[in-house]
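Visitor: My structure file work_22.cif, mmCIF, C-alpha atoms, is below:
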```
data_input
loop_
_atom_site.label_atom_id
_atom_site.label_comp_id
_atom_site.auth_asym_id
_atom_site.auth_seq_id
_atom_site.Cartn_x
_atom_site.Cartn_y
_atom_site.Cartn_z
CA MET A 1400 -2.23 38.14 -17.84
CA ALA A 1401 0.03 35.25 -16.84
CA ALA A 1402 3.76 35.72 -17.30
CA THR A 1403 5.43 33.94 -20.22
CA ILE A 1404 8.91 32.69 -21.00
CA ARG A 1405 9.39 35.84 -23.08
CA ASP A 1406 8.77 37.98 -20.00
CA ILE A 1407 11.56 36.07 -18.26
CA ARG A 1408 13.79 36.74 -21.28
CA ASP A 1409 13.04 40.46 -21.13
CA LYS A 1410 13.68 40.52 -17.37
CA THR A 1411 16.96 38.60 -17.43
CA GLY A 1412 18.40 39.40 -20.84
CA LEU A 1413 19.06 35.69 -21.36
CA SER A 1414 18.19 33.74 -24.48
CA LEU A 1415 14.98 31.74 -24.79
CA ALA A 1416 17.11 28.64 -25.31
CA THR A 1417 18.87 29.08 -21.94
CA ILE A 1418 15.62 29.74 -20.11
CA SER A 1419 13.92 26.79 -21.79
CA LYS A 1420 16.84 24.55 -20.86
CA TYR A 1421 16.47 25.54 -17.19
CA LEU A 1422 12.69 25.05 -17.20
CA ASN A 1423 13.08 21.58 -18.70
CA GLY A 1424 15.52 20.46 -16.01
CA GLY A 1425 18.75 21.06 -17.90
CA ASN A 1426 22.00 22.44 -16.45
CA VAL A 1427 22.68 26.17 -16.80
CA LEU A 1428 25.39 28.39 -15.35
CA PRO A 1429 24.86 29.23 -11.65
CA GLY A 1430 24.59 32.95 -12.40
CA ASN A 1431 21.98 32.37 -15.09
CA ARG A 1432 20.07 30.00 -12.81
CA ARG A 1433 19.91 32.68 -10.13
CA LEU A 1434 18.66 35.31 -12.61
CA ILE A 1435 15.96 32.98 -13.93
CA GLU A 1436 14.76 31.95 -10.47
CA GLU A 1437 14.59 35.56 -9.32
CA ALA A 1438 12.58 36.48 -12.43
CA ILE A 1439 10.22 33.53 -11.94
CA GLU A 1440 9.51 34.61 -8.36
CA GLU A 1441 9.07 38.29 -9.23
CA LEU A 1442 6.85 37.62 -12.25
CA HIS A 1443 4.90 34.80 -10.52
CA TYR A 1444 5.63 32.63 -13.53
CA GLU A 1445 3.94 29.20 -13.50
CA VAL A 1446 5.32 26.34 -15.52
CA ASN A 1447 2.90 24.91 -18.09
CA GLU A 1448 3.44 21.23 -17.30
CA LEU A 1449 1.43 20.13 -20.33
CA ALA A 1450 3.60 22.15 -22.68
CA ARG A 1451 6.77 21.03 -20.94
CA GLY A 1452 5.61 17.45 -21.19
CA LEU A 1453 5.46 17.73 -24.97
CA VAL A 1454 9.14 18.66 -24.95
CA THR A 1455 10.46 16.34 -22.23
CA ASN A 1456 8.00 13.47 -22.74
CA ARG A 1457 7.29 13.76 -19.01
CA THR A 1458 4.03 14.88 -17.38
CA LYS A 1459 5.24 14.82 -13.74
CA THR A 1460 2.16 12.70 -13.03
CA ILE A 1461 2.11 9.24 -11.45
CA GLY A 1462 -0.87 6.95 -11.90
CA VAL A 1463 -2.05 4.98 -8.88
CA LEU A 1464 -4.23 1.91 -9.29
CA VAL A 1465 -5.96 0.85 -6.05
CA TYR A 1466 -8.03 -2.25 -5.48
CA ASP A 1467 -10.57 -0.45 -3.26
CA ILE A 1468 -10.38 3.22 -2.34
CA GLN A 1469 -12.80 2.64 0.54
CA CYS A 1470 -10.18 0.49 2.28
CA ILE A 1471 -8.70 2.51 5.15
CA PHE A 1472 -5.30 0.90 4.68
CA VAL A 1473 -5.28 2.06 1.06
CA GLY A 1474 -6.34 5.57 2.10
CA SER A 1475 -3.48 5.79 4.58
CA MET A 1476 -1.00 4.57 1.98
CA LEU A 1477 -2.28 7.14 -0.53
CA HIS A 1478 -1.65 9.86 2.05
CA HIS A 1479 1.98 8.81 2.44
CA LEU A 1480 2.45 8.30 -1.31
CA GLY A 1481 1.04 11.77 -2.02
CA GLN A 1482 3.47 13.35 0.41
CA ALA A 1483 6.45 11.49 -1.03
CA LEU A 1484 5.49 12.39 -4.60
CA HIS A 1485 4.86 16.05 -3.71
CA GLU A 1486 8.36 16.31 -2.27
CA LYS A 1487 9.70 15.18 -5.65
CA GLY A 1488 7.52 17.57 -7.65
CA TYR A 1489 5.02 14.97 -8.86
CA GLY A 1490 1.25 14.73 -8.69
CA MET A 1491 -0.83 11.56 -8.72
CA LEU A 1492 -3.89 10.40 -10.63
CA ILE A 1493 -5.84 7.78 -8.66
CA CYS A 1494 -8.09 5.11 -10.19
CA ASP A 1495 -10.28 2.80 -8.07
CA SER A 1496 -10.56 -0.74 -9.43
CA CYS A 1497 -13.46 -1.63 -7.08
CA ASN A 1498 -11.97 -5.12 -6.53
CA ASP A 1499 -12.75 -5.90 -10.18
CA ALA A 1500 -9.97 -7.11 -12.50
CA GLN A 1501 -11.80 -5.90 -15.61
CA ILE A 1502 -12.14 -2.39 -14.19
CA GLU A 1503 -8.48 -2.54 -13.21
CA GLU A 1504 -7.48 -3.26 -16.82
CA LYS A 1505 -9.63 -0.37 -18.10
CA ASN A 1506 -8.13 1.94 -15.47
CA LEU A 1507 -4.66 1.04 -16.68
CA GLN A 1508 -5.60 2.01 -20.24
CA PHE A 1509 -7.00 5.30 -18.93
CA LEU A 1510 -3.76 6.10 -17.11
CA LEU A 1511 -1.66 5.25 -20.15
CA SER A 1512 -3.85 7.52 -22.29
CA ARG A 1513 -3.13 10.34 -19.83
CA LYS A 1514 0.61 9.83 -20.43
CA VAL A 1515 1.51 9.19 -16.79
CA ASP A 1516 5.25 8.81 -16.20
CA GLY A 1517 4.87 5.72 -14.03
CA ILE A 1518 2.30 3.66 -12.16
CA LEU A 1519 1.99 2.53 -8.55
CA VAL A 1520 -0.22 -0.55 -8.26
CA PHE A 1521 -2.32 -1.97 -5.43
CA ALA A 1522 -3.40 -4.92 -7.56
CA VAL A 1523 -6.69 -6.76 -7.77
CA SER A 1524 -5.30 -9.29 -10.24
CA LEU A 1525 -3.16 -12.20 -9.07
CA ASP A 1526 -0.98 -12.11 -12.19
CA GLY A 1527 0.71 -9.39 -14.20
CA LYS A 1528 -0.91 -9.91 -17.60
CA PHE A 1529 -2.87 -6.66 -17.47
CA LEU A 1530 0.34 -4.66 -16.91
CA LYS A 1531 1.90 -5.83 -20.17
CA ALA A 1532 0.40 -2.78 -21.89
CA ALA A 1533 2.38 -0.51 -19.55
CA LYS A 1534 5.56 -2.48 -20.17
CA LYS A 1535 5.01 -2.24 -23.95
CA ALA A 1536 4.53 1.54 -23.63
CA GLY A 1537 7.74 1.86 -21.62
CA VAL A 1538 5.88 3.04 -18.51
CA PRO A 1539 7.42 1.54 -15.35
CA ALA A 1540 5.19 0.08 -12.64
CA VAL A 1541 5.84 -0.70 -8.98
CA LEU A 1542 3.56 -2.98 -6.95
CA LEU A 1543 2.61 -2.09 -3.39
CA ASP A 1544 1.35 -4.45 -0.69
CA ARG A 1545 0.65 -7.28 -3.14
CA ALA A 1546 2.99 -9.18 -5.45
CA PHE A 1547 2.03 -11.29 -8.47
CA ARG A 1548 2.23 -15.07 -8.63
CA ASP A 1549 3.40 -15.50 -12.20
CA GLU A 1550 5.32 -12.46 -13.37
CA GLU A 1551 7.87 -10.33 -11.61
CA TYR A 1552 7.55 -6.56 -11.29
CA ASP A 1553 9.20 -4.21 -8.84
CA CYS A 1554 7.39 -4.66 -5.55
CA VAL A 1555 7.36 -3.14 -2.06
CA GLU A 1556 5.60 -5.17 0.60
CA ILE A 1557 5.95 -6.62 4.07
CA ASP A 1558 7.03 -10.19 4.75
CA ASN A 1559 3.42 -11.28 5.26
CA ARG A 1560 4.20 -14.90 6.03
CA THR A 1561 6.68 -14.08 8.79
CA ALA A 1562 4.42 -11.35 10.18
CA MET A 1563 1.58 -13.83 10.67
CA LEU A 1564 3.90 -16.49 12.07
CA ARG A 1565 5.15 -14.04 14.69
CA ALA A 1566 1.60 -13.02 15.57
CA VAL A 1567 0.49 -16.62 16.11
CA ASN A 1568 3.60 -17.30 18.18
CA LYS A 1569 2.53 -14.53 20.56
CA LEU A 1570 -0.58 -16.60 21.27
CA ILE A 1571 1.25 -19.91 21.49
CA ARG A 1572 3.69 -18.48 24.06
CA ARG A 1573 0.66 -17.55 26.18
CA ASN A 1574 -0.45 -21.19 26.12
CA HIS A 1575 -3.20 -20.88 23.48
CA ARG A 1576 -3.72 -24.04 21.44
CA ARG A 1577 -7.22 -23.53 20.03
CA ILE A 1578 -6.21 -20.76 17.65
CA ALA A 1579 -8.29 -19.63 14.65
CA VAL A 1580 -7.58 -17.31 11.74
CA ILE A 1581 -9.81 -15.19 9.51
CA ALA A 1582 -7.95 -14.29 6.32
CA SER A 1583 -8.26 -14.17 2.56
CA ASP A 1584 -7.66 -17.14 0.30
CA ILE A 1585 -7.94 -14.83 -2.73
CA GLU A 1586 -5.65 -11.82 -2.26
CA TYR A 1587 -1.90 -12.36 -2.22
CA THR A 1588 -1.51 -10.90 1.28
CA GLY A 1589 -4.14 -13.20 2.74
CA VAL A 1590 -2.72 -16.31 1.09
CA GLU A 1591 0.75 -15.50 2.45
CA ARG A 1592 -0.63 -14.78 5.92
CA MET A 1593 -2.57 -18.05 5.93
CA GLU A 1594 0.69 -19.85 5.12
CA GLY A 1595 2.33 -18.09 8.06
CA PHE A 1596 -0.52 -19.27 10.31
CA ASN A 1597 0.03 -22.85 9.17
CA ASP A 1598 3.79 -22.53 9.65
CA ALA A 1599 3.41 -21.40 13.26
CA LEU A 1600 1.04 -24.24 14.17
CA SER A 1601 3.21 -26.81 12.41
CA ASP A 1602 6.35 -25.61 14.17
CA ALA A 1603 4.57 -25.91 17.52
CA GLY A 1604 3.03 -29.30 16.73
CA ILE A 1605 -0.50 -27.90 17.03
CA THR A 1606 -3.44 -29.24 15.02
CA VAL A 1607 -6.70 -27.29 14.74
CA PRO A 1608 -9.98 -28.22 13.01
CA ASP A 1609 -10.43 -26.86 9.49
CA GLU A 1610 -13.35 -24.67 10.60
CA TYR A 1611 -10.79 -22.63 12.56
CA ARG A 1612 -9.48 -21.41 9.18
CA VAL A 1613 -12.07 -18.93 7.91
CA ARG A 1614 -11.41 -17.98 4.30
CA GLY A 1615 -12.82 -15.49 1.80
CA ARG A 1616 -11.97 -12.04 0.44
CA HIS A 1617 -10.57 -9.60 2.98
CA SER A 1618 -13.53 -7.47 4.03
CA PHE A 1619 -15.55 -6.29 7.00
CA GLU A 1620 -18.15 -8.94 6.13
CA LEU A 1621 -15.60 -11.76 6.24
CA GLY A 1622 -14.41 -10.68 9.68
CA TYR A 1623 -17.93 -10.22 11.01
CA ARG A 1624 -19.46 -13.45 9.68
CA GLY A 1625 -16.29 -15.40 10.36
CA MET A 1626 -16.11 -14.37 14.00
CA LYS A 1627 -19.83 -15.02 14.52
CA GLY A 1628 -19.37 -18.52 13.15
CA LEU A 1629 -16.30 -19.25 15.28
CA LEU A 1630 -18.03 -18.14 18.48
CA LYS A 1631 -20.98 -20.46 17.75
CA LEU A 1632 -18.83 -23.59 17.40
CA PRO A 1633 -19.35 -26.32 20.05
CA GLU A 1634 -15.70 -25.82 20.98
CA PRO A 1635 -14.85 -22.25 19.99
CA PRO A 1636 -11.25 -21.09 19.74
CA THR A 1637 -9.62 -19.34 22.67
CA ALA A 1638 -7.86 -16.92 20.31
CA VAL A 1639 -8.35 -15.51 16.79
CA VAL A 1640 -5.92 -13.79 14.44
CA LEU A 1641 -7.66 -11.38 12.04
CA GLY A 1642 -5.94 -11.08 8.67
CA ASN A 1643 -6.22 -7.38 7.80
CA TYR A 1644 -7.75 -4.10 8.97
CA ASP A 1645 -11.22 -4.70 7.52
CA THR A 1646 -11.53 -8.21 8.94
CA THR A 1647 -10.29 -6.94 12.29
CA LEU A 1648 -13.01 -4.29 12.34
CA GLY A 1649 -15.69 -6.84 11.46
CA GLY A 1650 -14.40 -9.37 13.97
CA ILE A 1651 -14.38 -6.87 16.84
CA MET A 1652 -17.95 -5.82 16.06
CA ALA A 1653 -19.07 -9.45 16.05
CA VAL A 1654 -17.50 -10.05 19.48
CA ASN A 1655 -19.15 -6.92 20.87
CA GLU A 1656 -22.57 -8.07 19.62
CA SER A 1657 -22.18 -11.66 20.81
CA GLY A 1658 -22.01 -11.07 24.55
CA PHE A 1659 -18.45 -12.42 24.68
CA ASN A 1660 -15.70 -10.38 26.29
CA CYS A 1661 -12.18 -9.81 25.02
CA PRO A 1662 -9.80 -11.07 26.32
CA GLU A 1663 -11.69 -13.00 29.02
CA ASP A 1664 -13.63 -15.17 26.56
CA ILE A 1665 -11.68 -14.69 23.34
CA SER A 1666 -8.19 -13.33 22.71
CA ILE A 1667 -7.62 -11.29 19.55
CA ILE A 1668 -4.67 -10.05 17.54
CA GLY A 1669 -5.33 -7.96 14.43
CA PHE A 1670 -3.54 -6.36 11.49
CA ASP A 1671 -2.78 -2.71 10.66
CA ASP A 1672 -2.24 -0.05 13.30
CA LEU A 1673 -4.85 2.44 12.09
CA LEU A 1674 -7.64 4.45 13.71
CA MET A 1675 -9.70 1.58 15.13
CA SER A 1676 -6.81 0.07 17.07
CA LYS A 1677 -6.24 3.40 18.81
CA VAL A 1678 -9.79 3.98 20.06
CA ILE A 1679 -11.35 0.62 20.95
CA ARG A 1680 -11.03 -1.09 24.31
CA PRO A 1681 -9.40 -3.33 25.22
CA ARG A 1682 -6.36 -2.00 23.40
CA LEU A 1683 -5.62 -4.45 20.61
CA TRP A 1684 -2.50 -6.40 19.94
CA ILE A 1685 -1.76 -5.32 16.37
CA VAL A 1686 0.60 -6.28 13.54
CA SER A 1687 1.78 -2.89 12.31
CA GLN A 1688 3.06 -2.25 8.78
CA PRO A 1689 5.63 0.54 8.20
CA MET A 1690 3.35 2.34 5.73
CA GLU A 1691 5.28 5.60 5.47
CA GLU A 1692 8.59 3.84 4.85
CA MET A 1693 6.99 1.51 2.30
CA SER A 1694 5.47 4.47 0.44
CA LYS A 1695 8.72 6.41 0.32
CA ARG A 1696 10.62 3.37 -0.93
CA ALA A 1697 8.04 2.66 -3.65
CA VAL A 1698 8.17 6.27 -4.88
CA GLU A 1699 11.97 6.25 -4.84
CA MET A 1700 12.05 2.99 -6.80
CA LEU A 1701 9.54 4.20 -9.40
CA LEU A 1702 11.26 7.55 -9.98
CA LYS A 1703 14.59 5.79 -10.45
CA ARG A 1704 12.98 3.57 -13.07
CA ILE A 1705 11.53 6.64 -14.81
CA SER A 1706 14.90 8.40 -14.87
CA HIS A 1707 16.73 5.16 -15.79
CA GLU A 1708 18.91 5.45 -12.68
CA GLU A 1709 17.77 1.93 -11.80
CA GLU A 1710 18.26 -0.69 -14.49
CA GLY A 1711 18.15 -4.45 -14.55
CA GLY A 1712 15.64 -7.02 -13.37
CA PRO A 1713 12.75 -6.45 -11.00
CA LEU A 1714 13.45 -5.59 -7.37
CA ARG A 1715 11.46 -6.91 -4.43
CA ILE A 1716 11.68 -5.05 -1.13
CA SER A 1717 10.15 -6.81 1.88
CA PHE A 1718 9.83 -4.80 5.09
CA SER A 1719 9.44 -6.38 8.50
CA ALA A 1720 6.20 -5.72 10.33
CA SER A 1721 6.26 -4.92 14.04
CA ILE A 1722 3.80 -6.14 16.65
CA ARG A 1723 2.35 -3.56 19.01
CA GLU A 1724 1.37 -4.98 22.37
CA GLY A 1725 -2.07 -4.39 23.83
CA ASP A 1726 -4.55 -5.87 26.28
CA SER A 1727 -6.54 -8.17 23.98
CA ILE A 1728 -4.64 -11.42 24.70
CA ARG A 1729 -5.18 -13.45 27.88
CA GLU A 1730 -2.59 -15.88 29.15
CA LEU A 1731 -4.07 -19.31 29.79
#
```
Have the structure of the file written as structure tokens, please.
Guide:
Amino acid sequence: MAATIRDIRDKTGLSLATISKYLNGGNVLPGNRRLIEEAIEELHYEVNELARGLVTNRTKTIGVLVYDIQCIFVGSMLHHLGQALHEKGYGMLICDSCNDAQIEEKNLQFLLSRKVDGILVFAVSLDGKFLKAAKKAGVPAVLLDRAFRDEEYDCVEIDNRTAMLRAVNKLIRRNHRRIAVIASDIEYTGVERMEGFNDALSDAGITVPDEYRVRGRHSFELGYRGMKGLLKLPEPPTAVVLGNYDTTLGGIMAVNESGFNCPEDISIIGFDDLLMSKVIRPRLWIVSQPMEEMSKRAVEMLLKRISHEEEGGPLRISFSASIREGDSIREL
């Protein structure tokens, strides 16, 4: 039979009130704390988080809304988030929105019904209307990777616009002028990265045909079809920037199938330093996001909101992305 709080009382001689105070995170005398912890270890006592939640109004559970759990970037972020939450004594409940705003809204209601203490959001929606229910319930939310256009929430991201600008400048400095981009015109990250692409060309006084800007939703299919189309143009680009991990994967596969060689025929720079960039040849130039640092900062921010250590208006933390050099860019 599992040990109970009364067994700890019998072992330590302390009152139930003192033991309960310790178990619920309250301050007790150092000597009493030592006695309780020794009893917990000896008796193999396990805290009933559900019961404790009824007292503290905390479940030690964080909800995580993700736009697509199949996305390798999301999977890597979940790994880092899980580690950061575990270190703080929290678990996470993950809901996949399947790139559908209606599913996302239903997932939010599900998480609120499970009394999560806070929510980490990889958003499908471009605005924050669906999160109003969390705000009304007093459940804090922190956005990851994607911000909203119309309403401010705490957010941890990279400076997407500058990251893309720096990537394009790597090509310009190697004398490329026919530069194309494959990126989203739907998701926040893609829109910002497309702006960075335009900034870099404008700063350099470079004009490219509109068909060099391939738009859609970030996906393997966008990268694959987009690259196929670019390579079939009468005057194809000499270099392509691929807007996220999935489009990079699709674009590389399209080049491999086309009979073109990288970097001899087409130079490539991609996003997200994950598995693919480590195994394919030539070694890719890659824009690398600090995923572990972003995850830790998002967890820290959310837990401070939960404990009311952080008050005031929404915070926006923008990390700088680095660019890892490879062999996929040819100098003209």
Visitor: Can you give me, as a list in words, the residues this file yields under the PyMOL selection byres ((chain A and resi 1408-1411) around 12)?
Guide: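 Selected by the PyMOL selection byres ((chain A and resi 1408-1411) around 12) here: Ala1402, Thr1403, Ile1404, Arg1405, Asp1406, Ile1407, Gly1412, Leu1413, Ser1414, Leu1415, Ala1416, Thr1417, Ile1418, Ser1419, Gly1430, Asn1431, Arg1432, Arg1433, Leu1434, Ile1435, Glu1436, Glu1437, Ala1438, Ile1439, Glu1440, Glu1441, Leu1442 and Tyr1444 of chain A.
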Visitor: Between A:Gly1481, A:Gly1527, A:Gly1650, A:Pro1662, which residue has the minimum interatomic distance to Ala1546 in chain A, considering all atoms listed in the file?
Guide: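 Among A:Gly1481, A:Gly1527, A:Gly1650, A:Pro1662, it is A:Gly1527 that comes nearest to Ala1546 in chain A.
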Visitor: To one decimal in Å, tell me the separation between CA of Asp1584 in chain A and CA of Gln1508 in chain A.
Guide: 28.2 Å
Visitor: Taking the file as shown, find all residues satisfying the PyMOL selection byres ((chain A and resi 1538) around 10) and write them as a list in words.
Guide: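 Selected by the PyMOL selection byres ((chain A and resi 1538) around 10) in this file: Leu1511, Lys1514, Val1515, Asp1516, Gly1517, Ile1518, Leu1530, Lys1531, Ala1532, Ala1533, Lys1534, Lys1535, Ala1536, Gly1537, Pro1539, Ala1540, Leu1701, Arg1704 and Ile1705 of chain A.
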Visitor: With only C-alpha atoms as the atoms that count, which of A:Ala1522, A:Tyr1552, A:Ala1603, A:Tyr1623 lies nearest to Gly1711 in chain A?
Guide: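 Closest residue, counting only C-alpha atoms: A:Tyr1552.
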Visitor: Do you have the CA of Gln1482 in chain A-CA of Arg1715 in chain A distance handy?
Guide: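 Atom-to-atom, CA of Gln1482 in chain A and CA of Arg1715 in chain A are spaced 22.3 Å apart.
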Visitor: I need the residue set behind the PyMOL selection byres ((chain A and resi 1551) around 10) for this file; please write it as a PyMOL selection string.
Guide: chain A and resi 1526-1527+1542+1546-1550+1552-1554+1712-1715
